[in-house]
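The block underneath contains the structure these notes are about, expressed in structure tokens.
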Amino acid sequence: TEQTLVLIKPDGVSRGLTGEILARIERKGLTLQALERKNVSEELAREHYAEHAERPFFGSLIEFITSGPVVAAVLEGPRAIAAFRQLAGGTDPVEKAVPGTIRGDFGLETQFNLVHGSDSPESAKREIALWFPEFPA
Ligand code: ATP
């Protein structure tokens with residue numbers, strides 16, 4: 001079994017899609033090991049997206065992710081990392097994500113793509129420690 005860190009980004013929370021997204025996660029068979037609504041400090045946002053620090057969209061990404069509360073979760077299950085990325089769909093909600101996925105069903109713009117999911121066991125470990133410092137390893 002595997003764990004992954006998922007965020008419902010401010011657009012998903014403000015549009016009232018939290019329940020819909022969590023329902024899809026649970027129907028897939030992934031279990032919620034931790035769940036919290038959080039206001040995101042600029043420091044936490046910069047740390048979370050540190051690998052994108054040099055990208056042209058970094059400033060607006062940080063502004064977006066700190067613009068309102070997010071819902072952070074630790075999911076667990078067999079191949080949880082890939083399983084959630086399948087549910088989410090590709091980064092661009094129109095060009096990459098297909099209908100039936102969270103981004104494909106609810107998104108229009110790459111920045112406002114509703115959810116984040118860890119992309120490897122190493123990032124899952126780092127991100128779980130960052131968002132849930134008290135979570136059992
Ligand atoms: P995430 O890391 O949030 O799961 P991802 O792995 O699909 O998404 P990344 O390439 O890691 O995508 O980009 C991180 C986030 O930065 C994206 O989810 C999106 O919100 C934003 N982003 C990526 N590319 C762009 C872009 N060209 N313009 C604006 N925002 C972007």
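In the structure tokens, the first chain shown is A, the next is B, and so on; residue numbers restart at 1 for each chain, and ligands run from 1 in the order shown.
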
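Using only C-alpha atoms, the residues found no farther than 10 Å from region 100-112 of chain A, other than those of its own chain fewer than 4 positions away, are Lys9, Pro10, Asp11, Gly12, Arg15, Leu17, Glu20, Ile21, Arg24, Phe57, Ser60, Leu61, Phe64, Ile65, Phe84, Arg85, Gln86, Leu87, Ala88, Gly89, Gly90, Thr91, Asp92, Pro93, Val94, Glu95 and Lys96 of chain A.
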
For the selection just defined, write its residues with C-alpha atoms to a file, as a CSV table (one decimal), in the first residue's frame.
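Saved the output as result_25.csv:
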```csv
chain,number,residue,atom,x,y,z
A,9,LYS,CA,-7.0,23.9,-4.4
A,10,PRO,CA,-8.8,27.2,-3.6
A,11,ASP,CA,-10.9,27.0,-6.8
A,12,GLY,CA,-12.3,23.6,-5.9
A,15,ARG,CA,-16.8,26.4,-6.0
A,17,LEU,CA,-16.6,20.9,-5.1
A,20,GLU,CA,-17.8,15.8,-5.1
A,21,ILE,CA,-14.0,15.4,-5.2
A,24,ARG,CA,-14.7,10.3,-6.2
A,57,PHE,CA,4.0,31.1,-13.6
A,60,SER,CA,0.7,33.7,-9.9
A,61,LEU,CA,0.7,30.1,-8.7
A,64,PHE,CA,-3.6,31.6,-6.4
A,65,ILE,CA,-2.8,28.8,-3.9
A,84,PHE,CA,-5.2,9.7,-7.7
A,85,ARG,CA,-3.4,11.1,-10.7
A,86,GLN,CA,-5.7,9.0,-12.9
A,87,LEU,CA,-8.7,10.4,-11.1
A,88,ALA,CA,-7.4,14.0,-11.4
A,89,GLY,CA,-6.5,13.9,-15.1
A,90,GLY,CA,-3.7,15.8,-16.9
A,91,THR,CA,-2.5,19.2,-15.8
A,92,ASP,CA,-4.3,21.2,-18.5
A,93,PRO,CA,-8.0,20.6,-17.9
A,94,VAL,CA,-9.0,21.0,-21.6
A,95,GLU,CA,-6.0,19.8,-23.6
A,96,LYS,CA,-4.8,16.9,-21.4
```

Using the chain letters and numbers from this document, which residues of chain A does DSSP assign to strand (DSSP E), as a CSV table (one decimal) with C-alpha atoms, in the first residue's frame?
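Heads up, here's the output in result28.csv:
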```csv
chain,number,residue,atom,x,y,z
A,2,GLU,CA,1.0,3.6,-0.6
A,3,GLN,CA,0.2,7.1,0.6
A,4,THR,CA,-0.2,10.3,-1.4
A,5,LEU,CA,-0.8,14.0,-0.5
A,6,VAL,CA,-3.8,15.6,-2.2
A,7,LEU,CA,-4.9,19.2,-2.2
A,8,ILE,CA,-8.2,20.5,-3.2
A,31,THR,CA,-9.0,5.8,2.1
A,32,LEU,CA,-8.7,9.2,3.8
A,33,GLN,CA,-6.0,8.9,6.5
A,34,ALA,CA,-6.0,12.6,7.2
A,35,LEU,CA,-8.2,15.5,6.1
A,36,GLU,CA,-8.0,19.2,7.0
A,37,ARG,CA,-9.1,22.6,5.7
A,38,LYS,CA,-6.3,25.0,5.9
A,70,VAL,CA,-7.5,24.5,0.6
A,71,VAL,CA,-8.5,21.0,1.7
A,72,ALA,CA,-5.4,18.8,2.3
A,73,ALA,CA,-5.7,15.1,2.6
A,74,VAL,CA,-3.5,12.0,2.9
A,75,LEU,CA,-4.9,9.1,0.8
A,76,GLU,CA,-3.9,5.5,1.2
A,77,GLY,CA,-4.3,2.5,-1.0
A,115,VAL,CA,-6.5,19.5,-7.3
A,116,HIS,CA,-2.9,18.5,-6.6
A,117,GLY,CA,-1.6,15.0,-6.1
```

Fill in: Residue among A:Asn39, A:His48, A:Ala23, A:Pro99 lying closest to Ile128 (chain A), counting only C-alpha atoms
A:His48

Item to complete: Find the residues around region 41-47 of chain A up to 9 Å (only C-alpha atoms counted), leave out those fewer than 4 positions away in its own chain, and share them as a VMD selection string.
Response: chain A and resid 51 to 53 58 61 to 63 65 to 66 130 to 131

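Proximity of A:Val98, A:Ala50, A:Ala80, A:Leu22 to ligand 1, computed with only C-alpha atoms and all ligand atoms, is greatest for A:Ala50.
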
Worksheet item: Could you pull out all residues of region 3-127 of chain A with a DSSP call of alpha helix (DSSP H) and give them as an MDAnalysis selection string?
Response: chainID A and resid 10:14 18:28 42:48 58:65 80:88 102:106 121:127
